[in-house]
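Quick notes on the structure that follows.
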Amino acid sequence: MNDFFLLMKQELLLTAIIFILLFVKLSTNEWKTKNLLLLVNILLTINLAAGFFFNGFGYLFGDMFQTNDLIRLEKNILNLGTLLISLQSYNWLMKHKHAAEFYMLMFSALLGMFFMLSSHNLLMFYVGLELASIPLAAMANFDLEKRRSSEAAMKYIMSSAFASGLLLFGISLMYGVSGSLNFTDLQSLQTTSPLYVFAFVLIIAGFGFKISAVPFHLWTADVYEGSPVAVTSFLSVISKGSMIFVFGTVLFTVFQQLFFQWYNILAILAVLSMIIGNLFALRQQNLKRFLAFSSISQVGFILIGITAGNMKGLSSVIYFVLIYVFSNLAAFGVLSLVDAEKGKENIDDYKGFYKTNPVLTWVLAIALFSLAGIPPTAGFFGKFFLILAGAGRNNYLLITIAALNMVVSLYYYLRIIKAMFMDTNENPIENIIISRSPKLALAICLAGIVITGLVGGAYDYIYSLVK
Amino acid sequence: MNLSLLLILPLAFSFLLLFVKGLKQVRTVALTAAVAQLGLSLYLLYQFLIERATSSSNFLFEQKYAWFKNLNINYHAGVDGISVAMILLTAFVVLAGVLVSWNQEKLHKEFFFLLLFLSVGAYGFFISLDLFMLFFFLEVAVIPKFLLIGIWGSGKKEYSAMKLALMLMAGSALVFVGLAGLYYNTPVNEVFSFDLTTIANQTASSATQRFFFPFAFIGFGIFTALFPFHTWVPDGHSSAPTAASMFLAGISMKLGGYGCLRVATYLMPDAAQYYSTIIIVLACIAILYGAFATMMQTDLKYINAYSSVSHCGFVLLGIGMLTKTSITGAVLQMVSHGLMTALFFAVIGMIYERTHTRVVAQLGGLLKVMPFISTVFVIVGLCSLGLPGLSGFVAEMTVFMGSWQKADLFYRFATIIACASIVVTAVYILRAVGSSIMGPVKNNDYLQLTDAGWNEKTAAVLLLAGILIMGLVPFWITDLINPGTEVIIQKIGMIK
């Protein structure tokens, strides 16, 4: 019984928060949004802090559920990201009537991701995944009056259902070959029979949809554009981050014996994602679409880290996601403020932004530099460690393509920098007063961007856990 | 001496900049920072000379802290004579740059912040003994240039800024592939390392070297205007504001030369020899092409930018020849060109600030109006065409002497071609200088113009002092860098 509380504390806490919100919503007297947001943020901080204490590791429910230090770290990263998103969306939620519902949906999705991360069985993994994706579709539709938003939700649910179908098909074939869905059993299975490989390819395709690797990326841009900024940031950081964590660990532990199969598949997916993501990002006008394509190309880099197939690779991937949380959320934080206050999300609107909003401009610029991998921001370390890990496989063609793609991506990040700093605009976005909680979120992001890179400890800590 | 001071000092001052207000305070802080940097680097020189007299190791003042333990990446700083020379050059150029930007009205705080930040990148690069750290600082120095050109530049500034940033980034991307190759191919007891000395002692196999050398050399070569990757130079230099042009041509291009020497040639000597003919051919093309392209330019900044391509060709030629004298010459040329071109851009900036034109045909008779600026202009022109007594002569002569030591017909031919370019240099320099400052005053408005202010005079005198010292007592600097080049040459000699 003690084990149960110890191992599942993060899931239980999150469930408790969801129930608290439910009671708040159902209580007779209506809460003010301001107080509600304060309550949620305090609860989220507690939730985040709890991740660092009373740690245990082990299995539950007949080996269905596992937890260890690495998984806990991954959950903490997701918790941190969720807290940051909640802080950033302050202005948007203040104007929105349904803050409590939004949070309930978001936390349900997060809970699903936690179960997914802790799964030690493909079935458990699938259940967690579904719990994560269905609330997300509802969230994408959260700008109730906008048609775009419903369209985004529709596209997301369709593509996600398709991906789930592929995954489920793969899982069932796998069960046919191995007679078990337990990770330990699958790991010890020494087979490369065609059916097994076929099942594996289906599972990779399912994952490919979820992390939006090319050629499974088609839903990304539309969904990102249509959804409210808060949801877009949740999709691109938390949802994608959790999928990448699971993808990495599953490939490294369960499918180790298929290394040569997945090495080639991932190398091709990586090159495609980087090139296509970059090429499409070049021409985007809408910043959310732009970040969608840039995130596709980031996935390409992450896949290179995974192809390394060793501990260095996995720790670089987790390290990169941690940095990606900070840098992407800093960018989305500024976007979200501008969108909530002025309703503008085109690159052209940002012309002359520096004259009116110098602080926000620097925040966005630093975030973009970090995404582009420019030192001294953390993104530089994140990206080059991924490439360095990939170089261990002696495939220097792949590495050169990746390195040159960084140059292409630099072009479009600099395009926004140019618009903000150098271009003039007759009616620029007026000065935005930043309220306390987004300010806090942006400060945390900036601190993260600077510290996680320059201070080597973060990487070493992750590496020690991966071992 | 604690080398980290070279990084901490400008960083501390640039953060101090964030808290002061108004042009007066900002420029005072920036000037203090630049003077302190110069003082620190002179002190470094002094300490270095004392320390070297007693020490036998190649790199002095070494510091090593674990940075990313599991990847074996360290903060590893240390200097030899070559790096000390480069650090001094940086300090001179930064101080001069701050002085000529004394009246920078537009967004002054950001301007000086970026300038100081750039100098952090340059110092960090020159003191790095860990390749990842070196790469880190190489990239640190790219984006501030983009902003400096794009925000404060003139002409088609956005285009130039973008071109520069992308080409330099492509260069560093290639460098990284080369470095990753070195990392994985020089293990010590199965442990990979970015450490310069470790990699130098391991010496990768010649097949590995030949594969990765082009990545590193072309990558660094882009920074130093290796033909045909020189196209960012004219646009970038001519669009940049004065201080940024000075930094770009004076220091930034030297990052490439230093990298070609220290990383590509020193760590992959076998490949350097294997590819030396190609390097020499490209260097000769850059020298001649740069010189002839300069003849066709009408804008003073373009003249200096193209002549930089030509002059940096000598650096690559010296490296490609792989003799001790030629490599010494290459380092001398880096320092000499750094001082000279920075001064050249400073003078052009001063002229432009007053006349609002840089087109040679519209200028004329400036000697009568601003004697100080014009005199400096003549001196720096003469230095550029290699007049004895000034730094340009010493450096180019050393490169030629070194190249001539190679008796093979091909090398002789290349040396002659490179020598011939001096004639072309004389043509364009004398023409530009002659028609812009001599003759009658072409525009009567010019008669109202003032000569250099105290800040501009100080900047010019500072750089002129460097040029003269190098020209008159060249052995001071050759003595400083010789042990450093000796080590590189030994490495190449071991291959034979």
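We name chains A, B, ... following the order of the structure tokens; residues begin at 1 in each chain, and ligands are numbered from 1 as shown.
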
Would you mind listing, for every residue of chain B within 10 Å of chain A, the two atoms forming the shortest contact and the distance between them in Å to one decimal, using only C-alpha atoms, sorted by chain and ascending residue number, as CSV?
```
residue,atom,partner,partner_atom,distance
B:Ala66,CA,A:Gly456,CA,8.2
B:Trp67,CA,A:Gly456,CA,5.2
B:Phe68,CA,A:Gly456,CA,4.9
B:Lys69,CA,A:Asp460,CA,6.5
B:Asn70,CA,A:Asp460,CA,6.2
B:Leu71,CA,A:Lys312,CA,8.0
B:Ile73,CA,A:Gly456,CA,9.2
B:Asn74,CA,A:Gly456,CA,9.6
B:Gly121,CA,A:Pro376,CA,9.9
B:Phe132,CA,A:Phe384,CA,9.7
B:Phe135,CA,A:Pro375,CA,9.6
B:Phe136,CA,A:Pro375,CA,6.4
B:Phe137,CA,A:Pro375,CA,7.8
B:Leu138,CA,A:Pro375,CA,9.2
B:Glu139,CA,A:Pro375,CA,6.3
B:Val140,CA,A:Pro375,CA,5.3
B:Ala141,CA,A:Pro375,CA,8.9
B:Val142,CA,A:Ile374,CA,8.7
B:Ile143,CA,A:Ile374,CA,7.7
B:Phe146,CA,A:Leu414,CA,8.9
B:Leu147,CA,A:Phe421,CA,8.2
B:Ile149,CA,A:Met422,CA,10.0
B:Gly150,CA,A:Met422,CA,6.4
B:Ile151,CA,A:Met422,CA,5.5
B:Trp152,CA,A:Met422,CA,8.9
B:Lys157,CA,A:Met422,CA,9.4
B:Glu158,CA,A:Lys418,CA,7.5
B:Ala161,CA,A:Lys418,CA,9.5
B:Met162,CA,A:Tyr411,CA,7.4
B:Lys163,CA,A:Tyr411,CA,9.3
B:Ala165,CA,A:Tyr411,CA,8.5
B:Leu166,CA,A:Val407,CA,6.1
B:Met167,CA,A:Val407,CA,8.2
B:Leu168,CA,A:Val407,CA,9.1
B:Met169,CA,A:Val407,CA,5.9
B:Ala170,CA,A:Val407,CA,5.7
B:Gly171,CA,A:Leu404,CA,9.2
B:Ser172,CA,A:Ala403,CA,8.9
B:Ala173,CA,A:Ala403,CA,5.1
B:Leu174,CA,A:Ala403,CA,7.1
B:Val175,CA,A:Ala403,CA,9.5
B:Phe176,CA,A:Ala403,CA,7.8
B:Val177,CA,A:Thr400,CA,6.3
B:Gly178,CA,A:Thr400,CA,9.5
B:Leu179,CA,A:Leu388,CA,9.4
B:Ala180,CA,A:Leu388,CA,6.2
B:Gly181,CA,A:Ala391,CA,7.6
B:Tyr183,CA,A:Leu388,CA,9.0
B:Tyr184,CA,A:Gly392,CA,6.7
B:Asn185,CA,A:Gly392,CA,9.7
B:Phe212,CA,A:Tyr396,CA,9.8
B:Phe215,CA,A:Thr400,CA,9.4
```

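Atom pair CA of Leu235 (chain A) / CA of Ala205 (chain A) has a distance of 18.6 Å (rounded to one decimal).
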
Query - Pairwise distance for CA of Phe200 (chain A) and CA of Tyr224 (chain A), rounded to one decimal in Å - result: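 These atoms are spaced 28.6 Å apart.
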
Requested in this report: For Thr28 (chain B), list every protein, DNA or RNA residue within 10 Å, evaluated using only C-alpha atoms, and leave out those in the same chain fewer than 6 positions away; present the list as number ranges by chain.
Outcome: B: 17, 20, 34, 98, 102

Query raised in the report: Hey, what's within 7 Å of Leu300 (chain B) if we count only C-alpha atoms and toss same-chain stuff fewer than 5 positions away? As a ChimeraX atom specification, please?
Result: /B:348,358-360

Query raised in the report: Between CA of Leu468 (chain B) and CA of Phe48 (chain B), what is the spacing in Å?
Result: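 Rounded to one decimal, the two atoms are 22.4 Å apart.
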
Query raised in the report: Leaving out Gly329 (chain B) and any residue of its chain fewer than 4 positions from it, which residues lie within 7 Å of it when counting only C-alpha atoms, given as a list in words?
Result: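 Near Gly329 (chain B), the qualifying residues are Gly318, Thr325, Gln333, Ala395, Glu396, Thr398 and Val399 of chain B.
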
For N, CA and C atoms, I'd like the residues from the last selection saved as a PDB file, in the first residue's frame.
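The result, stored in result_37.pdb:
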```pdb
ATOM      1  N   GLY B 318      50.493  31.721 -46.692  1.00  0.00           N
ATOM      2  CA  GLY B 318      51.519  31.395 -45.703  1.00  0.00           C
ATOM      3  C   GLY B 318      51.241  30.063 -45.047  1.00  0.00           C
ATOM      4  N   THR B 325      58.990  29.875 -41.808  1.00  0.00           N
ATOM      5  CA  THR B 325      58.962  31.305 -42.090  1.00  0.00           C
ATOM      6  C   THR B 325      57.603  31.719 -42.638  1.00  0.00           C
ATOM      7  N   GLN B 333      50.961  38.578 -40.776  1.00  0.00           N
ATOM      8  CA  GLN B 333      50.012  39.211 -41.684  1.00  0.00           C
ATOM      9  C   GLN B 333      48.652  39.362 -41.009  1.00  0.00           C
ATOM     10  N   ALA B 395      55.146  41.781 -42.821  1.00  0.00           N
ATOM     11  CA  ALA B 395      54.350  40.564 -42.882  1.00  0.00           C
ATOM     12  C   ALA B 395      54.413  39.934 -44.265  1.00  0.00           C
ATOM     13  N   GLU B 396      54.200  40.740 -45.292  1.00  0.00           N
ATOM     14  CA  GLU B 396      54.166  40.164 -46.642  1.00  0.00           C
ATOM     15  C   GLU B 396      55.542  39.649 -47.025  1.00  0.00           C
ATOM     16  N   THR B 398      57.785  38.439 -45.082  1.00  0.00           N
ATOM     17  CA  THR B 398      58.044  37.166 -44.409  1.00  0.00           C
ATOM     18  C   THR B 398      57.328  36.030 -45.127  1.00  0.00           C
ATOM     19  N   VAL B 399      56.088  36.290 -45.547  1.00  0.00           N
ATOM     20  CA  VAL B 399      55.357  35.246 -46.268  1.00  0.00           C
ATOM     21  C   VAL B 399      56.122  34.882 -47.550  1.00  0.00           C
TER      22      VAL B 399
END
```

Report task. Give me the residues within 8 Å of region 32-41 of chain A as a VMD selection string, counting only C-alpha atoms and dropping any in the same chain fewer than 2 places off. Result -> chain A and resid 30 43 to 45 83 86 to 87 90 93 to 94 99 to 100

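Excluding Thr361 (chain A) itself and any same-chain residue fewer than 2 positions from it, the protein and nucleic acid residues within 10 Å of it, counting only C-alpha atoms, are Ala331, Val334, Tyr350, Gly352, Phe353, Tyr354, Lys355, Thr356, Asn357, Pro358, Val359, Val363, Leu364, Ala365, Ile366, Ala367, Ile417, Met420 and Phe421 of chain A.
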
Query raised in the report: Which one of A:Thr192, A:Ser336, A:Thr220, A:Ser315 sits closest to Phe290 (chain A) if you count only C-alpha atoms?
Result: A:Thr220

Requested in this report: Between B:Val191, B:Leu196, B:Met295, B:Ile279, single out the one closest to Leu226 (chain B), counting only C-alpha atoms.
Outcome: B:Ile279

Requested in this report: as a PyMOL selection string, list the residues of region 143-382 of chain A assigned to alpha helix (DSSP H) by DSSP on the backbone atoms of this structure.
Outcome: chain A and resi 147-178+183-188+194-210+218-226+229-233+240-249+259-282+287-307+311-342+353-356+358-372+378-382

Residues of region 85-270 of chain B classed as strand (DSSP E or B) by DSSP on the backbone are to be reported as a tab-separated table (two decimals) with N, CA and C atoms, in the first residue's frame.
```tsv
chain	number	residue	atom	x	y	z
B	128	SER	N	41.02	29.50	-26.07
B	128	SER	CA	40.48	28.15	-25.93
B	128	SER	C	41.53	27.09	-26.27
B	130	ASP	N	40.25	23.91	-25.72
B	130	ASP	CA	39.31	22.81	-25.87
B	130	ASP	C	38.50	23.12	-27.11
B	188	VAL	N	41.59	8.26	-26.29
B	188	VAL	CA	42.66	7.80	-25.40
B	188	VAL	C	41.99	6.82	-24.45
B	191	VAL	N	38.30	6.84	-24.37
B	191	VAL	CA	37.63	8.06	-23.94
B	191	VAL	C	37.86	9.12	-25.00
B	195	ASP	N	40.09	17.91	-26.27
B	195	ASP	CA	41.23	18.67	-25.81
B	195	ASP	C	42.27	18.83	-26.92
```
